[in-house]
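The structure appears right after this line, and notes come after that.
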Amino acid sequence: MYVAWRWDFTFEILPKMLWATLNTFMAAGLGYAIAAVVGLLFMLGQRTPYKFVNVPTREIVEFIRSTPLLVQLFFVYFVAPQFGLTLSAWVSAMFTIGLHYGTYLSEVYRGALEGVPRTQWEACRALNFSTSYTYRKIVLPQAFPIAIPGMGNYLVGIFKDTPLLATIGVAELFFTANSLGAYTYRYLEPYTLVGIIFLVISVPTAMGIRRLEAAVNKAQGKANI
Amino acid sequence: MNFFDFSITYGPKFSSAAITTAQVFVYSALLAVIISIIFGIMRLSKNIIIQVLATVYIEFYRGTSLIIQMFWIYYVLPLFGIPLPALLAGVLALGMNFGAYGAEVLRAGILAVPKGQWEGALALNFSKTKRMQRIIIPQIYPIILPPAANLAVELLKGTALVSLITIVDLMFVAKQINMMTWLSAQSFGLALLIYFIMARFILVPFLRWLEVLAAKKVGRGKA
């Protein structure tokens, strides 16, 4: 039983799929925005000198990082209602993605801050700069370029993980492909189109990030490996 | 039903599912290692065609989602007359996806061995096989093992996706029991806990041990 590719069907479903791609973008963008903030909180939590804050934060981060996003999605989606908190698929998806990738981004932030040489801090101390001034004018401008490649990689990572959201019913690209397949009994074109759309978006983005990384390394005076 | 009772009642189901997850992990890890070696070396080939082939493979697999690759292999390949059993489809998808990531790790690892080591081996007139065996390869392990450990944890997490193509792994059983009992917190919580234990207390310590072993072998271990 061979199934031939049908172009008429492809062009019939393409507009629907492109619309759904917008939802995918929205999911990725929103999730990333939440993750960026959550990551900052996790990073600060791990850097505080208080043991009763930084030890639990580190354990939580470790736990979230080493368990699958798929299971976490189901956990949030099904367990929240038991506590009287009925979350829509979108809300629980954004919450879970934000939390999951927040742990990854916290590592990126931490690495970036640690990438700023200690001597910079000491120099600011010697010049009697305030802590906030040191952060704003000296440390963060140097830490940010170090964080760019990692942050970019996780943006692509979130984008590629959005199809998982279809499993709890977020109507994004993969969900649309599934329902088109179920409706027409043709899975070849929808699934292939999903793959092509992802390739077309994420390969150039990843390449751009790699070039950015090279530029950052060069600006920092590090040799390219 | 509290968490403890739940664990006792459904423990056997979860543990057999955990074994399935472990099996899927081991098979796909083996496949991923083989693929990363092949494509990692192809990436470094001087032949431009081989190099382009490897680059296309790697970019393709890193550019699309694992779940889409898995669904394509499981649901679309049969349409071309290639039906694959679920386990094989899952392992193929996981192994080929993580093989692409691993190939990049291996490539970076080979390139990170200092040039002087190659030249030194050449100057000492070692044969090609001996040079690789005794000089280069032992130095690659300590470089690639830390990123490989990260990938291994990612792979373990990735195995949860095989539940979507009907393999009865941890995630599948958690979903099933959730549907039967509506004890969502317990069933998904227990699944999360088992994944965490597998990653944190079995997989990661094992890989750390390998790292220490590899570092010792090239004389970089802590005395």
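Convention: chains lettered A, B, ... in structure tokens order; per-chain residue numbering from 1; ligands numbered from 1 as shown.
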What are the residues of chain A that have an atom within 8 Å of an atom of chain B, counting only C-alpha atoms, as a PyMOL selection string? chain A and resi 1-3+63+66-72+74-75+78-79+160-161+163-164+174+187-188+191-192+194-195+198-199+202-203+206+225
Write out the residues from the selection above, keeping C-alpha atoms, as a compact mmCIF listing (two decimals), in the first residue's frame.
```txt
# COMPACT_ATOMS: atom_id res chain seq x y z
CA MET A 1 0.00 0.00 0.00
CA TYR A 2 1.79 3.02 -1.25
CA VAL A 3 0.52 6.49 -0.70
CA PHE A 63 14.67 18.05 39.96
CA SER A 66 16.27 15.90 35.23
CA THR A 67 12.62 15.01 34.65
CA PRO A 68 10.85 15.01 31.27
CA LEU A 69 8.91 18.06 30.15
CA LEU A 70 6.12 15.80 28.90
CA VAL A 71 5.48 14.35 32.36
CA GLN A 72 5.66 17.79 33.92
CA PHE A 74 0.64 16.33 32.42
CA PHE A 75 1.41 16.82 36.09
CA PHE A 78 -4.04 17.30 35.76
CA VAL A 79 -2.95 18.07 39.30
CA LYS A 160 11.32 22.68 19.07
CA ASP A 161 9.59 21.51 22.24
CA PRO A 163 4.90 20.19 19.65
CA LEU A 164 4.77 18.51 23.05
CA PHE A 174 1.56 19.80 15.55
CA TYR A 187 -1.00 11.87 7.66
CA LEU A 188 1.78 11.99 5.10
CA TYR A 191 3.40 15.51 9.30
CA THR A 192 5.87 16.18 6.53
CA VAL A 194 5.28 20.19 10.09
CA GLY A 195 8.82 18.88 9.72
CA PHE A 198 10.26 23.51 11.65
CA LEU A 199 13.37 23.04 9.52
CA SER A 202 14.97 26.63 13.18
CA VAL A 203 17.94 25.92 10.92
CA ALA A 206 20.42 28.19 14.82
CA ILE A 225 37.52 26.21 18.64
```
Write down as a PyMOL selection string the residues belonging to stretch 28-98 of chain B that are assigned helix (DSSP H, G or I) by DSSP computed on the backbone. chain B and resi 28-43+48-63+66-80+86-98
Interatomic distance (Å, one decimal) between atom CA of A:Asn178 and atom CA of B:Asn97: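 Separation of atom CA of A:Asn178 and atom CA of B:Asn97: 21.5 Å.
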For A:Thr96: contacts at 10 Å, only C-alpha atoms, fewer than 4 positions along chain excluded, given as a PyMOL selection string: chain A and resi 31+34-35+64+69-70+72-77+90-92+100-102+165
Do you know which residues are at most 8 Å from B:Pro138 counting only C-alpha atoms, after dropping those on the same chain fewer than 4 positions away, and could you put them as a PyMOL selection string? chain B and resi 133-134+142+214+217-218
Pick out the residues sitting within 12 Å of B:Pro147, and hand them over as a PyMOL selection string; count only C-alpha atoms, and ignore anything fewer than 2 positions along from it in its own chain. chain B and resi 101-106+108-109+140-145+149-154+204+207-208+211
Taking N, CA and C atoms for each residue, export the selection above as a CSV table (one decimal), in the first residue's frame.
```csv
chain,number,residue,atom,x,y,z
B,101,TYR,N,23.2,15.1,17.8
B,101,TYR,CA,23.8,16.0,18.8
B,101,TYR,C,25.2,15.4,19.2
B,102,GLY,N,25.2,14.1,19.4
B,102,GLY,CA,26.5,13.5,19.8
B,102,GLY,C,27.6,13.6,18.8
B,103,ALA,N,27.2,13.6,17.5
B,103,ALA,CA,28.3,13.8,16.5
B,103,ALA,C,29.0,15.1,16.7
B,104,GLU,N,28.2,16.1,17.0
B,104,GLU,CA,28.8,17.5,17.2
B,104,GLU,C,29.7,17.5,18.4
B,105,VAL,N,29.3,16.8,19.5
B,105,VAL,CA,30.1,16.7,20.7
B,105,VAL,C,31.4,16.0,20.3
B,106,LEU,N,31.3,14.9,19.6
B,106,LEU,CA,32.5,14.1,19.3
B,106,LEU,C,33.5,14.9,18.4
B,108,ALA,N,33.8,18.1,18.2
B,108,ALA,CA,34.4,19.2,19.1
B,108,ALA,C,35.5,18.5,19.9
B,109,GLY,N,35.2,17.3,20.4
B,109,GLY,CA,36.2,16.6,21.2
B,109,GLY,C,37.5,16.2,20.5
B,140,ILE,N,40.4,11.9,24.1
B,140,ILE,CA,39.1,12.4,23.7
B,140,ILE,C,38.1,12.2,24.9
B,141,TYR,N,38.2,11.1,25.5
B,141,TYR,CA,37.2,10.7,26.5
B,141,TYR,C,37.0,11.8,27.6
B,142,PRO,N,38.1,12.3,28.2
B,142,PRO,CA,37.8,13.3,29.3
B,142,PRO,C,37.1,14.6,28.7
B,143,ILE,N,37.4,14.9,27.4
B,143,ILE,CA,36.8,16.1,26.9
B,143,ILE,C,35.3,15.9,26.6
B,144,ILE,N,35.0,14.7,26.0
B,144,ILE,CA,33.6,14.6,25.5
B,144,ILE,C,32.6,14.0,26.6
B,145,LEU,N,33.2,13.4,27.7
B,145,LEU,CA,32.3,12.8,28.6
B,145,LEU,C,31.3,13.8,29.4
B,149,ALA,N,27.4,13.4,29.1
B,149,ALA,CA,26.6,13.1,30.3
B,149,ALA,C,25.3,14.0,30.2
B,150,ASN,N,25.4,15.2,29.8
B,150,ASN,CA,24.3,16.1,29.7
B,150,ASN,C,23.3,15.5,28.6
B,151,LEU,N,23.9,15.1,27.5
B,151,LEU,CA,23.1,14.5,26.5
B,151,LEU,C,22.4,13.2,27.0
B,152,ALA,N,23.1,12.4,27.8
B,152,ALA,CA,22.5,11.2,28.3
B,152,ALA,C,21.2,11.5,29.1
B,153,VAL,N,21.3,12.5,30.0
B,153,VAL,CA,20.2,12.9,30.8
B,153,VAL,C,19.0,13.4,29.9
B,154,GLU,N,19.4,14.1,28.8
B,154,GLU,CA,18.4,14.6,27.9
B,154,GLU,C,17.7,13.4,27.2
B,204,VAL,N,23.7,9.6,36.3
B,204,VAL,CA,24.7,10.7,36.5
B,204,VAL,C,25.9,10.1,37.3
B,207,LEU,N,28.0,8.1,35.0
B,207,LEU,CA,28.8,8.9,34.0
B,207,LEU,C,30.0,9.6,34.7
B,208,ARG,N,29.7,10.1,36.0
B,208,ARG,CA,30.8,10.7,36.7
B,208,ARG,C,31.9,9.7,36.9
B,211,GLU,N,33.9,9.5,33.9
B,211,GLU,CA,34.7,10.7,33.8
B,211,GLU,C,36.0,10.6,34.6
```
Can you tell me, as a PyMOL selection string, what residues are no more than 12 Å from A:Leu140 when counting only C-alpha atoms, ignoring any on the same chain fewer than 4 positions away? chain A and resi 109-110+112-117+120-121+131-136+144-147
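Between atom CA of A:Val156 and atom CA of A:Val216 there is a distance of 18.4 Å.
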